[in-house]
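Dumped protein_29.tsv below, it's TSV, C-alpha atoms and all ligand atoms:
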```tsv
chain	number	residue	atom	x	y	z
A	24	MET	CA	14.47	-5.07	40.92
A	25	GLY	CA	15.94	-3.69	37.70
A	26	ASN	CA	15.46	-0.48	35.78
A	27	VAL	CA	15.21	-0.31	32.01
A	28	LEU	CA	16.72	2.67	30.19
A	29	PHE	CA	15.85	3.19	26.54
A	30	ILE	CA	16.88	5.77	23.95
A	31	ALA	CA	14.03	7.42	22.08
A	32	GLU	CA	14.80	9.20	18.82
A	33	VAL	CA	13.28	12.47	17.65
A	34	GLU	CA	13.23	13.84	14.12
A	35	ASN	CA	11.90	17.32	13.32
A	36	GLY	CA	10.44	17.53	16.81
A	37	LYS	CA	8.53	14.24	16.46
A	38	LEU	CA	9.12	10.90	18.14
A	39	LYS	CA	10.13	8.19	15.70
A	40	GLY	CA	7.55	5.40	15.32
A	41	TYR	CA	10.06	2.77	16.41
A	42	SER	CA	10.76	4.75	19.59
A	43	LYS	CA	7.08	4.42	20.56
A	44	GLU	CA	7.45	0.64	20.10
A	45	LEU	CA	10.58	0.62	22.21
A	46	ALA	CA	8.91	2.71	24.93
A	47	SER	CA	6.03	0.20	25.08
A	48	LYS	CA	8.48	-2.72	25.29
A	49	ALA	CA	10.65	-0.99	27.94
A	50	VAL	CA	7.57	-0.40	30.14
A	51	GLU	CA	6.59	-4.10	29.78
A	52	LEU	CA	10.10	-5.35	30.63
A	53	ALA	CA	10.48	-2.93	33.56
A	54	SER	CA	7.22	-4.11	35.11
A	55	GLN	CA	8.43	-7.73	34.83
A	56	CYS	CA	11.67	-6.73	36.64
A	57	GLU	CA	9.68	-4.74	39.22
A	58	GLY	CA	11.64	-1.69	38.13
A	59	GLN	CA	11.13	1.59	36.31
A	60	ALA	CA	11.34	2.38	32.59
A	61	TYR	CA	13.41	5.52	31.98
A	62	GLY	CA	13.55	7.24	28.62
A	63	VAL	CA	16.43	9.31	27.34
A	64	VAL	CA	16.10	11.69	24.42
A	65	ILE	CA	19.18	13.44	23.04
A	66	GLY	CA	19.16	16.37	20.63
A	67	GLU	CA	18.99	20.11	20.21
A	68	SER	CA	15.44	20.75	21.36
A	69	VAL	CA	13.74	17.53	22.36
A	70	ALA	CA	12.02	18.12	25.71
A	71	GLN	CA	8.55	18.46	24.22
A	72	ALA	CA	8.80	15.19	22.29
A	73	ALA	CA	10.19	13.58	25.47
A	74	GLU	CA	6.96	14.43	27.33
A	75	GLU	CA	5.01	12.44	24.74
A	76	LEU	CA	6.64	9.21	25.94
A	77	GLY	CA	4.25	9.46	28.91
A	78	GLN	CA	1.46	8.36	26.54
A	79	TYR	CA	3.10	4.94	26.38
A	80	GLY	CA	3.44	4.52	30.14
A	81	VAL	CA	6.91	6.02	30.66
A	82	THR	CA	6.93	8.22	33.74
A	83	GLN	CA	10.45	9.68	33.69
A	84	VAL	CA	12.55	10.90	30.79
A	85	THR	CA	15.87	12.70	30.66
A	86	ALA	CA	16.17	15.16	27.79
A	87	VAL	CA	19.81	15.96	27.09
A	88	GLU	CA	19.79	19.13	25.02
A	89	GLY	CA	22.45	21.24	23.39
A	90	GLU	CA	23.36	22.87	20.08
A	91	SER	CA	26.24	20.42	19.67
A	92	LEU	CA	23.65	17.61	19.61
A	93	GLU	CA	21.61	18.99	16.71
A	94	SER	CA	22.71	16.11	14.47
A	95	TYR	CA	23.78	12.62	15.51
A	96	ILE	CA	27.51	12.38	16.28
A	97	GLY	CA	28.49	9.10	17.93
A	98	GLU	CA	31.01	10.39	20.46
A	99	GLY	CA	28.76	13.24	21.72
A	100	TYR	CA	25.63	11.12	21.96
A	101	ALA	CA	27.47	8.23	23.65
A	102	LYS	CA	28.91	10.63	26.24
A	103	ALA	CA	25.42	12.04	26.90
A	104	LEU	CA	24.00	8.52	27.26
A	105	LEU	CA	26.78	7.42	29.61
A	106	ASP	CA	26.05	10.41	31.87
A	107	VAL	CA	22.39	9.35	32.09
A	108	VAL	CA	23.40	5.73	32.71
A	109	SER	CA	25.55	6.77	35.67
A	110	GLN	CA	22.56	8.61	37.19
A	111	THR	CA	19.82	6.03	36.54
A	112	LYS	CA	21.92	2.85	37.00
A	113	PRO	CA	19.82	0.67	34.69
A	114	GLN	CA	20.06	-3.10	34.52
A	115	ILE	CA	18.87	-3.09	30.91
A	116	ILE	CA	19.71	-0.52	28.19
A	117	LEU	CA	17.80	-0.54	24.90
A	118	ALA	CA	17.91	1.32	21.59
A	119	SER	CA	16.29	0.75	18.21
A	120	ALA	CA	18.45	-0.91	15.57
A	121	SER	CA	18.38	2.34	13.55
A	122	GLY	CA	21.51	3.89	12.06
A	123	SER	CA	22.26	5.84	15.24
A	124	GLY	CA	21.10	3.04	17.57
A	125	LYS	CA	23.50	0.61	15.91
A	126	ASP	CA	26.32	3.09	16.36
A	127	ILE	CA	25.75	4.28	19.91
A	128	LEU	CA	25.15	1.00	21.78
A	129	PRO	CA	28.54	-0.66	21.01
A	130	ARG	CA	30.31	2.53	22.19
A	131	VAL	CA	28.41	2.46	25.48
A	132	ALA	CA	28.63	-1.35	25.90
A	133	PHE	CA	32.41	-1.16	25.58
A	134	LYS	CA	32.65	1.52	28.30
A	135	LEU	CA	30.30	-0.39	30.63
A	136	LYS	CA	31.81	-3.81	29.81
A	137	ALA	CA	28.23	-4.92	29.18
A	138	GLY	CA	26.91	-7.66	26.91
A	139	LEU	CA	25.12	-6.42	23.79
A	140	ALA	CA	22.67	-8.26	21.51
A	141	THR	CA	22.04	-6.38	18.26
A	142	ASP	CA	19.10	-6.26	15.86
A	143	CYS	CA	16.79	-8.29	18.12
A	144	THR	CA	13.27	-9.25	17.10
A	145	GLU	CA	12.11	-10.43	20.53
A	146	LEU	CA	12.95	-9.28	24.05
A	147	LYS	CA	11.65	-10.82	27.26
A	148	ILE	CA	12.55	-11.34	30.89
A	149	GLU	CA	13.43	-14.87	32.02
A	150	ASN	CA	14.66	-15.66	35.52
A	151	GLY	CA	15.01	-11.95	36.20
A	152	LYS	CA	17.36	-11.35	33.24
A	153	LEU	CA	16.93	-10.18	29.68
A	154	LYS	CA	16.57	-12.83	26.97
A	155	ALA	CA	16.81	-11.68	23.36
A	156	LYS	CA	16.06	-13.38	20.05
A	157	ARG	CA	18.02	-12.24	16.99
A	158	PRO	CA	18.45	-13.42	13.41
A	159	ILE	CA	21.87	-14.83	12.42
A	160	PHE	CA	23.44	-16.10	9.16
A	161	ALA	CA	21.67	-13.39	7.13
A	162	GLY	CA	18.35	-14.30	8.73
A	163	LYS	CA	18.48	-18.05	8.03
A	164	ALA	CA	18.36	-18.94	11.72
A	165	LEU	CA	17.29	-17.33	14.99
A	166	VAL	CA	19.33	-17.50	18.15
A	167	ASP	CA	18.36	-16.88	21.78
A	168	VAL	CA	20.83	-14.67	23.65
A	169	THR	CA	21.21	-14.57	27.42
A	170	PHE	CA	23.65	-12.35	29.30
A	171	VAL	CA	26.44	-13.00	31.78
A	172	SER	CA	27.11	-9.28	32.45
A	173	ASP	CA	25.16	-7.35	35.08
A	174	VAL	CA	24.17	-4.65	32.61
A	175	GLN	CA	22.35	-6.12	29.62
A	176	MET	CA	22.05	-4.19	26.37
A	177	ALA	CA	20.08	-4.79	23.19
A	178	SER	CA	19.06	-3.03	20.01
A	179	ALA	CA	15.64	-3.89	18.59
A	180	ARG	CA	14.73	-4.14	14.93
A	181	PRO	CA	11.98	-1.61	14.05
A	182	ASN	CA	8.45	-3.00	13.63
A	183	SER	CA	9.14	-5.93	15.98
A	184	PHE	CA	6.87	-4.93	18.89
A	185	MET	CA	3.32	-3.69	19.38
A	186	VAL	CA	2.89	-0.02	20.26
A	187	LYS	CA	0.86	0.35	23.44
A	188	GLN	CA	-2.45	2.18	23.02
A	189	ALA	CA	-1.49	5.83	23.59
A	190	ASP	CA	-3.13	7.64	26.51
A	191	VAL	CA	-2.91	11.23	25.24
A	192	THR	CA	-3.79	12.65	28.66
A	193	LYS	CA	-0.47	11.42	30.09
A	194	LYS	CA	2.85	13.23	29.99
A	195	ALA	CA	6.20	11.99	31.22
A	196	GLN	CA	8.09	14.00	33.81
A	197	VAL	CA	11.03	15.44	31.88
A	198	ASN	CA	14.36	16.18	33.49
A	199	LYS	CA	16.19	18.64	31.20
A	200	VAL	CA	19.97	18.35	31.19
A	201	ALA	CA	22.36	20.59	29.26
A	202	ALA	CA	24.88	18.71	27.12
A	203	THR	CA	28.41	18.78	28.46
A	204	THR	CA	29.99	17.91	25.15
A	205	GLY	CA	32.26	20.06	23.05
A	206	GLY	CA	35.55	19.78	21.23
A	207	SER	CA	34.19	17.06	18.97
A	208	LYS	CA	36.59	15.69	16.35
A	209	VAL	CA	33.70	15.27	13.91
A	210	LYS	CA	31.93	17.97	11.88
A	211	ILE	CA	28.74	17.35	9.89
A	212	LYS	CA	29.11	18.95	6.47
A	213	GLU	CA	25.95	17.84	4.72
A	214	ILE	CA	22.82	15.84	5.48
A	215	GLN	CA	21.00	14.07	2.69
A	216	THR	CA	17.40	13.27	3.52
A	217	ALA	CA	15.20	10.51	2.11
A	218	GLU	CA	12.56	11.35	-0.47
A	219	LYS	CA	10.04	13.89	0.81
A	220	GLY	CA	6.88	12.45	2.32
A	221	MET	CA	8.22	8.88	2.28
A	222	LYS	CA	9.06	6.99	5.47
A	223	ASP	CA	12.59	5.65	5.76
A	224	LEU	CA	12.77	1.98	4.69
A	225	SER	CA	13.85	0.81	8.13
A	226	GLU	CA	10.67	2.09	9.77
A	227	ALA	CA	8.20	1.64	6.89
A	228	GLU	CA	5.15	-0.50	7.58
A	229	ILE	CA	4.57	-1.24	3.89
A	230	ILE	CA	7.29	-1.54	1.24
A	231	VAL	CA	6.89	-2.03	-2.50
A	232	SER	CA	10.22	-3.09	-4.04
A	233	GLY	CA	11.27	-3.37	-7.65
A	234	GLY	CA	14.02	-5.42	-9.24
A	235	ARG	CA	16.02	-5.72	-12.44
A	236	ALA	CA	12.81	-6.63	-14.28
A	237	LEU	CA	11.77	-2.96	-14.28
A	238	GLY	CA	14.36	-2.35	-16.99
A	239	SER	CA	14.77	1.41	-16.46
A	240	GLY	CA	14.49	4.23	-13.94
A	241	GLU	CA	11.50	5.56	-15.85
A	242	ASN	CA	9.67	2.24	-15.48
A	243	PHE	CA	10.09	2.49	-11.70
A	244	LYS	CA	7.14	4.89	-11.97
A	245	ILE	CA	4.77	1.91	-11.74
A	246	ILE	CA	6.44	0.84	-8.46
A	247	ARG	CA	6.10	4.40	-7.10
A	248	GLU	CA	2.43	4.55	-8.14
A	249	LEU	CA	1.64	1.27	-6.41
A	250	ALA	CA	3.57	2.46	-3.33
A	251	ASP	CA	1.66	5.77	-3.34
A	252	SER	CA	-1.69	3.98	-3.46
A	253	LEU	CA	-0.77	2.10	-0.27
A	254	GLY	CA	1.17	4.83	1.53
A	255	ALA	CA	4.24	2.61	1.17
A	256	THR	CA	7.97	3.25	0.85
A	257	VAL	CA	9.81	2.24	-2.33
A	258	GLY	CA	12.52	-0.41	-2.06
A	259	ALA	CA	14.75	-2.06	-4.64
A	260	SER	CA	17.05	-4.97	-5.28
A	261	ARG	CA	20.76	-4.40	-5.75
A	262	ALA	CA	20.47	-5.26	-9.44
A	263	ALA	CA	18.04	-2.35	-9.87
A	264	VAL	CA	20.33	-0.02	-7.90
A	265	ASP	CA	23.48	-1.12	-9.75
A	266	ALA	CA	21.72	-0.59	-13.07
A	267	GLY	CA	21.03	3.02	-11.99
A	268	TYR	CA	17.23	2.70	-11.92
A	269	ILE	CA	17.06	4.06	-8.36
A	270	SER	CA	19.44	5.37	-5.67
A	271	HIS	CA	21.25	3.15	-3.16
A	272	ASP	CA	19.26	4.42	-0.15
A	273	HIS	CA	16.36	2.31	-1.51
A	274	GLN	CA	18.35	-0.93	-1.58
A	275	VAL	CA	17.10	-3.78	0.59
A	276	GLY	CA	19.42	-6.64	1.49
A	277	GLN	CA	22.77	-7.69	2.79
A	278	THR	CA	24.55	-4.59	1.45
A	279	GLY	CA	21.45	-2.41	1.70
A	280	LYS	CA	18.94	-1.93	4.48
A	281	THR	CA	17.37	-4.55	6.72
A	282	VAL	CA	13.63	-4.01	6.79
A	283	ASN	CA	10.84	-5.49	8.85
A	284	PRO	CA	7.55	-4.13	7.50
A	285	LYS	CA	4.05	-5.53	8.01
A	286	LEU	CA	3.78	-5.98	4.24
A	287	TYR	CA	6.57	-6.41	1.65
A	288	ILE	CA	5.65	-6.56	-2.03
A	289	ALA	CA	8.55	-7.78	-4.21
A	290	CYS	CA	8.01	-7.01	-7.90
A	291	GLY	CA	10.30	-8.60	-10.49
A	292	ILE	CA	12.80	-9.67	-7.84
A	293	SER	CA	14.18	-13.22	-8.08
A	294	GLY	CA	14.80	-13.68	-4.33
A	295	ALA	CA	18.58	-14.04	-4.18
A	296	ILE	CA	19.90	-14.93	-0.73
A	297	GLN	CA	21.43	-11.45	-0.35
A	298	HIS	CA	18.04	-9.81	-0.97
A	299	LEU	CA	16.22	-12.19	1.37
A	300	ALA	CA	18.76	-11.32	4.08
A	301	GLY	CA	17.26	-7.85	4.26
A	302	MET	CA	13.53	-8.61	4.15
A	303	ARG	CA	12.82	-12.19	5.22
A	304	THR	CA	11.45	-11.14	8.64
A	305	SER	CA	8.68	-9.07	6.97
A	306	LYS	CA	5.31	-10.11	8.43
A	307	VAL	CA	3.60	-10.74	5.07
A	308	ILE	CA	5.54	-11.15	1.83
A	309	VAL	CA	3.87	-10.85	-1.57
A	310	ALA	CA	5.89	-11.79	-4.68
A	311	ILE	CA	5.04	-10.82	-8.24
A	312	ASN	CA	7.19	-12.59	-10.81
A	313	LYS	CA	6.66	-14.03	-14.28
A	314	ASP	CA	8.78	-17.09	-13.46
A	315	SER	CA	6.80	-19.53	-11.28
A	316	GLU	CA	10.13	-21.16	-10.27
A	317	ALA	CA	11.65	-17.92	-8.90
A	318	PRO	CA	13.13	-18.56	-5.41
A	319	ILE	CA	11.22	-15.58	-3.94
A	320	PHE	CA	8.02	-17.68	-4.09
A	321	SER	CA	9.44	-20.11	-1.51
A	322	LYS	CA	9.53	-17.24	1.01
A	323	ALA	CA	6.30	-15.53	-0.07
A	324	ASP	CA	2.99	-15.77	1.79
A	325	TYR	CA	1.18	-14.80	-1.43
A	326	GLY	CA	2.51	-15.15	-4.95
A	327	ILE	CA	1.26	-13.82	-8.27
A	328	VAL	CA	2.79	-15.35	-11.40
A	329	GLY	CA	2.58	-12.84	-14.22
A	330	ASP	CA	4.01	-9.82	-15.98
A	331	LEU	CA	4.44	-6.92	-13.54
A	332	PHE	CA	3.87	-4.36	-16.30
A	333	GLN	CA	0.34	-5.70	-16.68
A	334	LEU	CA	-0.35	-6.52	-13.02
A	335	LEU	CA	0.92	-3.44	-11.18
A	336	PRO	CA	-1.36	-0.86	-12.85
A	337	ILE	CA	-4.35	-3.13	-12.08
A	338	LEU	CA	-3.32	-3.47	-8.43
A	339	THR	CA	-2.73	0.29	-8.13
A	340	ARG	CA	-6.18	1.04	-9.54
A	341	LYS	CA	-7.85	-1.53	-7.25
A	342	PHE	CA	-6.04	-0.29	-4.11
A	343	LYS	CA	-7.00	3.30	-4.94
A	344	GLU	CA	-10.65	2.26	-5.32
A	345	LEU	CA	-10.65	0.22	-2.11
A	346	LEU	CA	-8.82	2.87	-0.09
A	347	GLY	CA	-10.90	5.71	-1.56
A	348	LYS	CA	-7.92	7.56	-3.05
B	401	LIG	C1	28.28	-9.61	-1.67
B	401	LIG	C2	26.95	-9.43	-2.32
B	401	LIG	C3	26.04	-8.58	-1.73
B	401	LIG	C4	24.78	-8.39	-2.30
B	401	LIG	N1	23.87	-7.56	-1.68
B	401	LIG	C5	22.63	-7.46	-2.20
B	401	LIG	C6	21.63	-6.67	-1.53
B	401	LIG	O1	21.86	-6.02	-0.53
B	401	LIG	N2	20.39	-6.63	-2.10
B	401	LIG	C7	20.07	-7.31	-3.24
B	401	LIG	O2	18.90	-7.22	-3.68
B	401	LIG	N3	20.99	-8.03	-3.87
B	401	LIG	C8	22.26	-8.10	-3.39
B	401	LIG	N4	23.19	-8.83	-4.08
B	401	LIG	C9	22.87	-9.28	-5.44
B	401	LIG	C10	22.04	-10.55	-5.50
B	401	LIG	O3	22.88	-11.67	-5.49
B	401	LIG	C11	21.18	-10.57	-6.79
B	401	LIG	O4	22.04	-10.44	-7.89
B	401	LIG	C12	20.14	-9.47	-6.86
B	401	LIG	O5	19.37	-9.46	-5.69
B	401	LIG	C13	19.23	-9.75	-8.06
B	401	LIG	O6	18.32	-8.70	-8.21
B	401	LIG	P1	16.92	-8.96	-8.94
B	401	LIG	O7	16.19	-10.00	-8.21
B	401	LIG	O8	16.31	-7.64	-9.13
B	401	LIG	O9	17.41	-9.44	-10.38
B	401	LIG	P2	17.33	-10.89	-11.06
B	401	LIG	O10	17.96	-11.93	-10.21
B	401	LIG	O11	17.83	-10.73	-12.44
B	401	LIG	O12	15.78	-11.21	-11.07
B	401	LIG	C14	14.85	-10.53	-11.86
B	401	LIG	C15	13.55	-11.27	-11.70
B	401	LIG	O13	12.54	-10.56	-12.40
B	401	LIG	C16	11.68	-11.51	-13.02
B	401	LIG	N5	11.04	-10.82	-14.15
B	401	LIG	C17	11.62	-10.42	-15.32
B	401	LIG	N6	10.73	-9.75	-16.07
B	401	LIG	C18	9.57	-9.72	-15.38
B	401	LIG	C19	8.29	-9.17	-15.61
B	401	LIG	N7	8.02	-8.48	-16.74
B	401	LIG	N8	7.33	-9.34	-14.70
B	401	LIG	C20	7.57	-10.04	-13.55
B	401	LIG	N9	8.76	-10.58	-13.27
B	401	LIG	C21	9.76	-10.41	-14.15
B	401	LIG	C22	12.57	-12.66	-13.42
B	401	LIG	O14	11.81	-13.85	-13.54
B	401	LIG	C23	13.55	-12.69	-12.23
B	401	LIG	O15	13.10	-13.59	-11.23
B	401	LIG	C24	24.45	-9.03	-3.53
B	401	LIG	C25	25.39	-9.88	-4.12
B	401	LIG	C26	26.61	-10.08	-3.53
B	401	LIG	C27	27.58	-11.00	-4.19
```
Now, as a test, write the supplied structure out as structure tokens.
Amino acid sequence: MGNVLFIAEVENGKLKGYSKELASKAVELASQCEGQAYGVVIGESVAQAAEELGQYGVTQVTAVEGESLESYIGEGYAKALLDVVSQTKPQIILASASGSGKDILPRVAFKLKAGLATDCTELKIENGKLKAKRPIFAGKALVDVTFVSDVQMASARPNSFMVKQADVTKKAQVNKVAATTGGSKVKIKEIQTAEKGMKDLSEAEIIVSGGRALGSGENFKIIRELADSLGATVGASRAAVDAGYISHDHQVGQTGKTVNPKLYIACGISGAIQHLAGMRTSKVIVAINKDSEAPIFSKADYGIVGDLFQLLPILTRKFKELLGK
């Protein structure tokens, strides 16, 4: 029997979409290990969001609350997580491969001397132990990871798992714990948020990205309009970011963000290896490029050869019509 502990993240009082995925996966893995799935939510005022995890089959959640936890600080959050680990004694510990998830798990793995597989796209139980699949060599190959340590830890790439049908009548039993942190060496001075109303790239289900072909920041308007028509988040290649057309937080790729949406539309992007490294696990890739030989077409599920300045306004109009916007 093994218990599965997972970290759920809350922003503005709401559970992150990828935390619902992780909750669903943790419940599935725990049932295969004949154990329990325990959630842990850390923050200033998170107990209410913690209850919501019950909708995805989680029965018990620890909410570690405290003013010092208002914003993510690695040392404080890791300490809070380690306290919960010592109480729940999980065999498996999971987090999403978000900014904070990528930071907290190595800290905790080091303290527990546990094996850690990062950025996984598949998690399952085999012979009573966790088996993880993760991309390597900038996504060119996938590797299966098994563990030799007793405690097995993994971070999961957002949009990798199905979210269980929510049962809104169910609430998790929440055990509120006051944070015992303090004396942190780190102070948050400023928080810069993503564009209002737009999902962060790493959890977006649809992304419309623009490349150097856009030619100016002003021309990115046609990317934003197409994104708006689909409720998508705007991404970009490094060439577009370096040219100053759009800010770096939109960059997808090796030195930008790794994304895993259901639909990725690459407009005027050649498909350099460093760009593919950040988006090749997207479920459906659509490429729009005037060069039929562009490497992006070899990775695309659907390709349109043509001038994006002519095609994008047509697509935007059609999507608006079809989606009744
Ligand atoms: C260490 C390192 C890290 C890097 N990290 C990243 C990263 O994180 N992300 C990233 O994206 N890149 C990264 N790069 C850069 C990468 O190698 C490419 O230079 C970059 O991705 C190219 O961007 P692009 O496709 O927009 O531009 P280009 O390669 O110039 O491609 C533009 C494309 O637009 C097409 N086009 C032109 N006009 C039109 C039109 N009117 N209609 C339709 N299509 C048109 C062209 O046919 C062409 O295929 C990195 C490079 C290095 C060395």
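Closest approach to Ala300 in chain A among A:Phe29, A:Phe342, A:Phe320, A:Phe160: A:Phe160, based on all atoms listed in the file.
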So that each row is one residue of chain A with an atom at most 6 Å from ligand LIG 401 (chain B), can you give its shortest atom pair and the distance in Å to one decimal, using all atoms listed in the file, rows by chain and rising number, as JSON lines?
```
{"residue": "A:Gly234", "atom": "CA", "partner": "B:LIG401", "partner_atom": "O8", "distance": 3.2}
{"residue": "A:Arg235", "atom": "CA", "partner": "B:LIG401", "partner_atom": "O8", "distance": 3.8}
{"residue": "A:Ala236", "atom": "CA", "partner": "B:LIG401", "partner_atom": "C17", "distance": 4.1}
{"residue": "A:Ser260", "atom": "CA", "partner": "B:LIG401", "partner_atom": "O2", "distance": 3.3}
{"residue": "A:Arg261", "atom": "CA", "partner": "B:LIG401", "partner_atom": "C7", "distance": 3.9}
{"residue": "A:Ala262", "atom": "CA", "partner": "B:LIG401", "partner_atom": "O6", "distance": 4.2}
{"residue": "A:Ala263", "atom": "CA", "partner": "B:LIG401", "partner_atom": "O8", "distance": 5.6}
{"residue": "A:Val275", "atom": "CA", "partner": "B:LIG401", "partner_atom": "N2", "distance": 5.1}
{"residue": "A:Gly276", "atom": "CA", "partner": "B:LIG401", "partner_atom": "O1", "distance": 3.2}
{"residue": "A:Gln277", "atom": "CA", "partner": "B:LIG401", "partner_atom": "O1", "distance": 3.8}
{"residue": "A:Thr278", "atom": "CA", "partner": "B:LIG401", "partner_atom": "O1", "distance": 3.6}
{"residue": "A:Gly279", "atom": "CA", "partner": "B:LIG401", "partner_atom": "O1", "distance": 4.3}
{"residue": "A:Gly291", "atom": "CA", "partner": "B:LIG401", "partner_atom": "O13", "distance": 3.5}
{"residue": "A:Ile292", "atom": "CA", "partner": "B:LIG401", "partner_atom": "O7", "distance": 3.4}
{"residue": "A:Ser293", "atom": "CA", "partner": "B:LIG401", "partner_atom": "O15", "distance": 3.4}
{"residue": "A:Gly294", "atom": "CA", "partner": "B:LIG401", "partner_atom": "O7", "distance": 5.5}
{"residue": "A:Ala295", "atom": "CA", "partner": "B:LIG401", "partner_atom": "O5", "distance": 4.9}
{"residue": "A:Gln297", "atom": "CA", "partner": "B:LIG401", "partner_atom": "C5", "distance": 4.6}
{"residue": "A:His298", "atom": "CA", "partner": "B:LIG401", "partner_atom": "O2", "distance": 3.8}
{"residue": "A:Ile311", "atom": "CA", "partner": "B:LIG401", "partner_atom": "C20", "distance": 5.9}
{"residue": "A:Asn312", "atom": "CA", "partner": "B:LIG401", "partner_atom": "N9", "distance": 3.5}
{"residue": "A:Lys313", "atom": "CA", "partner": "B:LIG401", "partner_atom": "C20", "distance": 4.2}
{"residue": "A:Asp314", "atom": "CA", "partner": "B:LIG401", "partner_atom": "O14", "distance": 4.4}
{"residue": "A:Ala317", "atom": "CA", "partner": "B:LIG401", "partner_atom": "O15", "distance": 5.1}
{"residue": "A:Gly329", "atom": "CA", "partner": "B:LIG401", "partner_atom": "C20", "distance": 5.8}
{"residue": "A:Asp330", "atom": "CA", "partner": "B:LIG401", "partner_atom": "N8", "distance": 3.6}
{"residue": "A:Leu331", "atom": "CA", "partner": "B:LIG401", "partner_atom": "N8", "distance": 3.9}
{"residue": "A:Phe332", "atom": "CA", "partner": "B:LIG401", "partner_atom": "N7", "distance": 5.9}
```
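Here CA of Gly238 in chain A is placed at a distance of 20.3 Å from CA of Asp251 in chain A.
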Selection near Ala289 in chain A, 7 Å with all atoms listed in the file, sequence-local residues under 3 positions removed, as number ranges by chain:
A: 231-233, 292, 309-311
Please provide the set of residues having any atom within 10 Å of Gly66 in chain A, restricted to all atoms listed in the file, with same-chain residues fewer than 5 positions apart removed, written as a PyMOL selection string.
chain A and resi 32-34+36+86-95+100+103+202
Who sits within 9 Å of Leu105 in chain A, only C-alpha atoms, same chain under 5 positions skipped, as a list in words
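The contact residues come out as Tyr100, Gln110, Val131, Lys134 and Leu135 of chain A.
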Using the selection just defined, write its residues with C-alpha atoms as a PDB file, keeping the file's coordinate frame.
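Full text of out.pdb as output:
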```pdb
ATOM      1  CA  TYR A 100      25.630  11.120  21.960  1.00  0.00           C
ATOM      2  CA  GLN A 110      22.560   8.610  37.190  1.00  0.00           C
ATOM      3  CA  VAL A 131      28.410   2.460  25.480  1.00  0.00           C
ATOM      4  CA  LYS A 134      32.650   1.520  28.300  1.00  0.00           C
ATOM      5  CA  LEU A 135      30.300  -0.390  30.630  1.00  0.00           C
TER       6      LEU A 135
END
```
Atom-to-atom span, CA of Ala60 in chain A and CA of Tyr79 in chain A, Å:
10.6 Å
Two-atom distance - CA of Lys306 in chain A, CA of Ile246 in chain A (Å)
20.2 Å
Looking at only C-alpha atoms, which of A:Gly138, A:Gly25, A:Gly40, A:Pro284 is the one that sits closest to Ala227 in chain A?
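Under the stated criterion, the closest residue is A:Pro284.
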